[in-house]
$ cat target35.pdb   # PDB, C-alpha atoms
ATOM      1  CA  MET A 120     -79.353 -79.571 168.031
ATOM      2  CA  SER A 121     -77.190 -77.447 165.790
ATOM      3  CA  LEU A 122     -77.391 -77.696 162.032
ATOM      4  CA  PRO A 123     -73.747 -77.316 161.003
ATOM      5  CA  TYR A 124     -74.365 -77.139 157.264
ATOM      6  CA  ARG A 125     -76.783 -74.220 157.397
ATOM      7  CA  SER A 126     -75.440 -70.716 157.598
ATOM      8  CA  SER A 127     -76.411 -68.638 160.588
ATOM      9  CA  ALA A 128     -77.835 -65.990 158.238
ATOM     10  CA  ALA A 129     -80.257 -68.534 156.749
ATOM     11  CA  VAL A 130     -81.361 -69.662 160.202
ATOM     12  CA  ASN A 131     -81.810 -66.053 161.334
ATOM     13  CA  ASP A 132     -83.888 -65.261 158.233
ATOM     14  CA  GLU A 133     -86.223 -68.168 158.908
ATOM     15  CA  TYR A 134     -86.350 -67.661 162.678
ATOM     16  CA  PRO A 135     -85.820 -63.944 163.318
ATOM     17  CA  THR A 136     -85.996 -64.427 167.090
ATOM     18  CA  GLY A 137     -82.900 -66.640 166.979
ATOM     19  CA  ARG A 138     -84.609 -69.456 168.864
ATOM     20  CA  ALA A 139     -83.771 -73.098 168.254
ATOM     21  CA  LEU A 140     -85.601 -75.152 165.693
ATOM     22  CA  PRO A 141     -88.620 -77.022 167.052
ATOM     23  CA  HIS A 142     -88.284 -80.762 167.610
ATOM     24  CA  ALA A 143     -90.397 -81.574 164.543
ATOM     25  CA  GLU A 144     -87.844 -79.807 162.310
ATOM     26  CA  GLN A 145     -85.016 -81.878 163.770
ATOM     27  CA  ASP A 146     -86.793 -85.096 162.755
ATOM     28  CA  ARG A 147     -87.190 -84.034 159.123
ATOM     29  CA  TRP A 148     -84.806 -85.681 156.635
ATOM     30  CA  MET A 149     -82.359 -83.103 155.264
ATOM     31  CA  ARG A 150     -79.498 -83.329 152.804
ATOM     32  CA  PRO A 151     -76.390 -81.681 154.357
ATOM     33  CA  TYR A 152     -75.280 -80.348 150.952
ATOM     34  CA  ARG A 153     -76.702 -79.068 147.700
ATOM     35  CA  PRO A 154     -76.989 -81.313 144.642
ATOM     36  CA  GLY A 155     -73.960 -80.828 142.418
ATOM     37  CA  PRO A 156     -73.827 -79.406 138.912
ATOM     38  CA  TRP A 157     -73.365 -82.810 137.242
ATOM     39  CA  ARG A 158     -76.506 -84.186 138.898
ATOM     40  CA  VAL A 159     -78.538 -81.054 138.119
ATOM     41  CA  ALA A 160     -77.352 -80.912 134.498
ATOM     42  CA  THR A 161     -78.216 -84.583 133.956
ATOM     43  CA  ALA A 162     -81.662 -84.020 135.467
ATOM     44  CA  ALA A 163     -82.230 -80.957 133.276
ATOM     45  CA  LEU A 164     -81.333 -82.876 130.118
ATOM     46  CA  ALA A 165     -83.592 -85.763 131.118
ATOM     47  CA  LEU A 166     -86.504 -83.405 131.768
ATOM     48  CA  MET A 167     -85.899 -81.772 128.389
ATOM     49  CA  LEU A 168     -86.116 -85.221 126.788
ATOM     50  CA  ALA A 169     -89.386 -85.826 128.657
ATOM     51  CA  ALA A 170     -90.769 -82.512 127.363
ATOM     52  CA  TYR A 171     -89.925 -83.475 123.786
ATOM     53  CA  LEU A 172     -91.571 -86.855 124.310
ATOM     54  CA  LEU A 173     -94.743 -85.197 125.608
ATOM     55  CA  VAL A 174     -94.852 -82.815 122.622
ATOM     56  CA  ALA A 175     -94.350 -85.785 120.294
ATOM     57  CA  ALA A 176     -97.178 -87.612 122.075
ATOM     58  CA  LEU A 177     -99.447 -84.602 121.560
ATOM     59  CA  ILE A 178     -98.621 -84.459 117.848
ATOM     60  CA  MET A 179     -99.210 -88.217 117.494
ATOM     61  CA  ALA A 180    -102.510 -87.986 119.355
ATOM     62  CA  LEU A 181    -103.695 -85.132 117.099
ATOM     63  CA  ALA A 182    -102.651 -87.146 114.031
ATOM     64  CA  GLY A 183    -104.694 -90.122 115.191
ATOM     65  CA  GLY A 184    -101.950 -92.406 116.529
ATOM     66  CA  GLY A 185    -103.411 -93.046 119.969
ATOM     67  CA  GLN A 186    -101.346 -96.126 120.785
ATOM     68  CA  SER A 187     -98.055 -94.476 119.811
ATOM     69  CA  ALA A 188     -98.989 -91.372 121.792
ATOM     70  CA  ALA A 189     -99.689 -93.506 124.866
ATOM     71  CA  ARG A 190     -96.261 -95.144 124.527
ATOM     72  CA  CYS A 191     -94.574 -91.740 124.330
ATOM     73  CA  VAL A 192     -96.451 -90.509 127.400
ATOM     74  CA  ALA A 193     -95.559 -93.683 129.326
ATOM     75  CA  PHE A 194     -91.880 -93.320 128.404
ATOM     76  CA  ALA A 195     -91.950 -89.623 129.371
ATOM     77  CA  VAL A 196     -93.438 -90.522 132.773
ATOM     78  CA  LEU A 197     -90.664 -93.106 133.288
ATOM     79  CA  VAL A 198     -88.028 -90.494 132.419
ATOM     80  CA  ILE A 199     -89.576 -88.001 134.850
ATOM     81  CA  LEU A 200     -89.756 -90.571 137.660
ATOM     82  CA  GLY A 201     -86.140 -91.595 137.026
ATOM     83  CA  THR A 202     -85.071 -87.957 137.117
ATOM     84  CA  LEU A 203     -86.812 -87.382 140.430
ATOM     85  CA  ARG A 204     -85.087 -90.439 141.876
ATOM     86  CA  LEU A 205     -81.742 -89.205 140.521
ATOM     87  CA  LEU A 206     -82.234 -85.896 142.324
ATOM     88  CA  ARG A 207     -83.062 -87.702 145.604
ATOM     89  CA  MET A 208     -79.845 -89.752 145.579
ATOM     90  CA  GLY A 209     -77.294 -88.987 148.292
ATOM     91  CA  VAL A 210     -76.887 -88.918 152.050
ATOM     92  CA  TRP A 211     -79.701 -87.564 154.226
ATOM     93  CA  VAL A 212     -79.628 -86.907 157.985
ATOM     94  CA  SER A 213     -82.196 -86.289 160.679
ATOM     95  CA  GLY A 214     -82.464 -86.599 164.433
ATOM     96  CA  ARG A 215     -83.466 -90.241 163.928
ATOM     97  CA  GLY A 216     -80.542 -91.421 161.814
ATOM     98  CA  LEU A 217     -78.672 -91.432 158.560
ATOM     99  CA  ARG A 218     -80.143 -92.431 155.203
ATOM    100  CA  GLN A 219     -78.206 -93.364 152.059
ATOM    101  CA  THR A 220     -80.409 -93.098 149.003
ATOM    102  CA  GLY A 221     -79.243 -94.774 145.802
ATOM    103  CA  PHE A 222     -81.100 -95.075 142.524
ATOM    104  CA  PHE A 223     -82.543 -98.505 143.396
ATOM    105  CA  VAL A 224     -81.681 -99.038 147.084
ATOM    106  CA  THR A 225     -82.177 -96.895 150.182
ATOM    107  CA  THR A 226     -80.479 -97.777 153.462
ATOM    108  CA  THR A 227     -81.494 -96.163 156.747
ATOM    109  CA  VAL A 228     -79.388 -96.535 159.889
ATOM    110  CA  ALA A 229     -80.412 -95.216 163.298
ATOM    111  CA  TRP A 230     -77.743 -93.122 165.027
ATOM    112  CA  ARG A 231     -77.428 -95.678 167.826
ATOM    113  CA  GLN A 232     -76.402 -98.285 165.209
ATOM    114  CA  VAL A 233     -73.638 -96.069 163.741
ATOM    115  CA  ALA A 234     -70.215 -96.961 165.131
ATOM    116  CA  ALA A 235     -68.099 -94.501 163.125
ATOM    117  CA  VAL A 236     -68.318 -91.889 160.395
ATOM    118  CA  ARG A 237     -65.001 -90.965 158.819
ATOM    119  CA  THR A 238     -63.405 -89.739 155.626
ATOM    120  CA  ALA A 239     -60.851 -92.042 153.993
ATOM    121  CA  GLN A 240     -58.564 -91.997 150.964
ATOM    122  CA  GLN A 241     -59.456 -94.919 148.689
ATOM    123  CA  PRO A 242     -60.252 -95.750 145.067
ATOM    124  CA  VAL A 243     -63.608 -94.178 144.127
ATOM    125  CA  LYS A 244     -65.715 -94.288 140.969
ATOM    126  CA  VAL A 245     -65.892 -91.176 138.797
ATOM    127  CA  LEU A 246     -69.560 -90.175 138.353
ATOM    128  CA  GLY A 247     -70.592 -93.745 139.225
ATOM    129  CA  LEU A 248     -68.932 -95.140 136.087
ATOM    130  CA  PRO A 249     -66.647 -98.216 136.185
ATOM    131  CA  ARG A 250     -63.473 -96.075 136.057
ATOM    132  CA  SER A 251     -61.863 -95.645 139.495
ATOM    133  CA  VAL A 252     -59.419 -93.009 140.687
ATOM    134  CA  GLN A 253     -57.839 -92.242 144.038
ATOM    135  CA  GLY A 254     -60.134 -89.983 146.025
ATOM    136  CA  GLN A 255     -61.928 -89.392 149.284
ATOM    137  CA  ALA A 256     -65.014 -91.212 150.478
ATOM    138  CA  LEU A 257     -67.223 -90.766 153.512
ATOM    139  CA  LEU A 258     -67.415 -94.169 155.201
ATOM    140  CA  ILE A 259     -70.193 -95.068 157.623
ATOM    141  CA  THR A 260     -69.516 -98.107 159.802
ATOM    142  CA  ARG A 261     -72.335 -99.825 161.675
ATOM    143  CA  ARG A 262     -71.966-101.407 165.091
ATOM    144  CA  GLY A 263     -70.853-104.937 164.328
ATOM    145  CA  GLY A 264     -68.377-103.851 161.657
ATOM    146  CA  ALA A 265     -70.472-103.638 158.468
ATOM    147  CA  THR A 266     -69.580-100.638 156.294
ATOM    148  CA  LEU A 267     -72.190 -98.959 154.089
ATOM    149  CA  ARG A 268     -71.363 -98.353 150.440
ATOM    150  CA  PRO A 269     -69.627 -94.978 149.972
ATOM    151  CA  LEU A 270     -72.252 -92.917 148.171
ATOM    152  CA  LEU A 271     -70.616 -89.665 149.243
ATOM    153  CA  THR A 272     -67.277 -89.303 147.418
ATOM    154  CA  ASP A 273     -65.332 -86.368 146.055
ATOM    155  CA  HIS A 274     -65.781 -87.745 142.505
ATOM    156  CA  ASN A 275     -69.543 -88.374 142.451
ATOM    157  CA  ALA A 276     -72.133 -86.218 140.667
ATOM    158  CA  ASP A 277     -72.465 -83.869 143.643
ATOM    159  CA  PHE A 278     -68.808 -83.111 144.320
ATOM    160  CA  LEU A 279     -66.760 -83.631 141.130
ATOM    161  CA  GLY A 280     -64.620 -80.509 140.903
ATOM    162  CA  ARG A 281     -65.951 -79.194 144.231
ATOM    163  CA  GLY A 282     -63.506 -80.553 146.818
ATOM    164  CA  GLU A 283     -64.309 -77.886 149.384
ATOM    165  CA  ALA A 284     -68.025 -78.687 149.188
ATOM    166  CA  PHE A 285     -67.222 -82.360 149.826
ATOM    167  CA  ASP A 286     -65.213 -81.421 152.924
ATOM    168  CA  VAL A 287     -68.063 -79.284 154.269
ATOM    169  CA  ALA A 288     -70.661 -82.032 153.641
ATOM    170  CA  ALA A 289     -68.464 -84.736 155.187
ATOM    171  CA  ASP A 290     -67.818 -82.558 158.238
ATOM    172  CA  ALA A 291     -71.552 -81.914 158.576
ATOM    173  CA  VAL A 292     -72.411 -85.625 158.530
ATOM    174  CA  GLU A 293     -69.574 -86.376 160.960
ATOM    175  CA  SER A 294     -70.790 -83.671 163.360
ATOM    176  CA  TRP A 295     -74.374 -85.019 163.201
ATOM    177  CA  ALA A 296     -73.003 -88.473 164.032
ATOM    178  CA  THR A 297     -70.854 -87.168 166.887
ATOM    179  CA  GLU A 298     -73.723 -85.188 168.363
ATOM    180  CA  LEU A 299     -76.427 -87.852 168.088
ATOM    181  CA  ARG A 300     -74.610 -91.167 168.693
TER     182      ARG A 300
END
$ encode --input "target35.pdb" --output "structure tokens"
Amino acid sequence: MSLPYRSSAAVNDEYPTGRALPHAEQDRWMRPYRPGPWRVATAALALMLAAYLLVAALIMALAGGGQSAARCVAFAVLVILGTLRLLRMGVWVSGRGLRQTGFFVTTTVAWRQVAAVRTAQQPVKVLGLPRSVQGQALLITRRGGATLRPLLTDHNADFLGRGEAFDVAADAVESWATELR
């Protein structure tokens, strides 16, 4: 199976003989795009907050405030876990199916259950906030007519200001669907 979102140079660097990826690699979940600058910047700021909380916990522990230090450490761990989840959000593909990962909900659909994958013009949320603008969204329709929520839009944290990257990612997911349905 081809991996349309990976450059041929990257594949040739990893597999100098030019042979196809082994079957185990095709079943690994992969994101067909890189996390965008808004998502990475938010994660970096959250991790900086967690670092400050851990330093504050150390100072409190050295000053004798064990309970306050424990609260700071617990809050820092929550911030770190939330940041990791934020970085995992998006659309993932493998030879088995398509996975939409949100902050609280993950939906996995096998390729045989996918009826259509298409890009459509529709109102989309800007950075997940309540404000909506006209934009593009990648819509995944299951057999039976149910449509998954559009997590991949040209105004989300991965593609805001990067329209070409959205087109490449949408084309990659569409080609995976066409090849594996």
$ resolve_selection --input "target35.pdb" --expression "the PyMOL selection byres ((chain A and resi 223) around 10)" --output "PyMOL selection string"
chain A and resi 204-205+208+220-222+224-225
$ closest_residue --input "target35.pdb" --among "A:Arg231, A:Arg147, A:Arg237, A:Arg207" --to "Asp286 in chain A" --atoms "all atoms listed in the file"
A:Arg237
$ atom_distance --input "target35.pdb" --atom1 "CA of Pro269 in chain A" --atom2 "CA of Leu197 in chain A"
26.9 Å
$ resolve_selection --input "target35.pdb" --expression "the PyMOL selection byres ((chain A and resi 290) around 10)" --output "number ranges by chain"
A: 123-124, 151, 236-238, 257, 284-289, 291-296
$ atom_distance --input "target35.pdb" --atom1 "CA of Thr161 in chain A" --atom2 "CA of Ala276 in chain A"
9.2 Å
$ closest_residue --input "target35.pdb" --among "A:Ala165, A:Leu267, A:Val192, A:Ala256" --to "Thr227 in chain A" --atoms "only C-alpha atoms"
A:Leu267
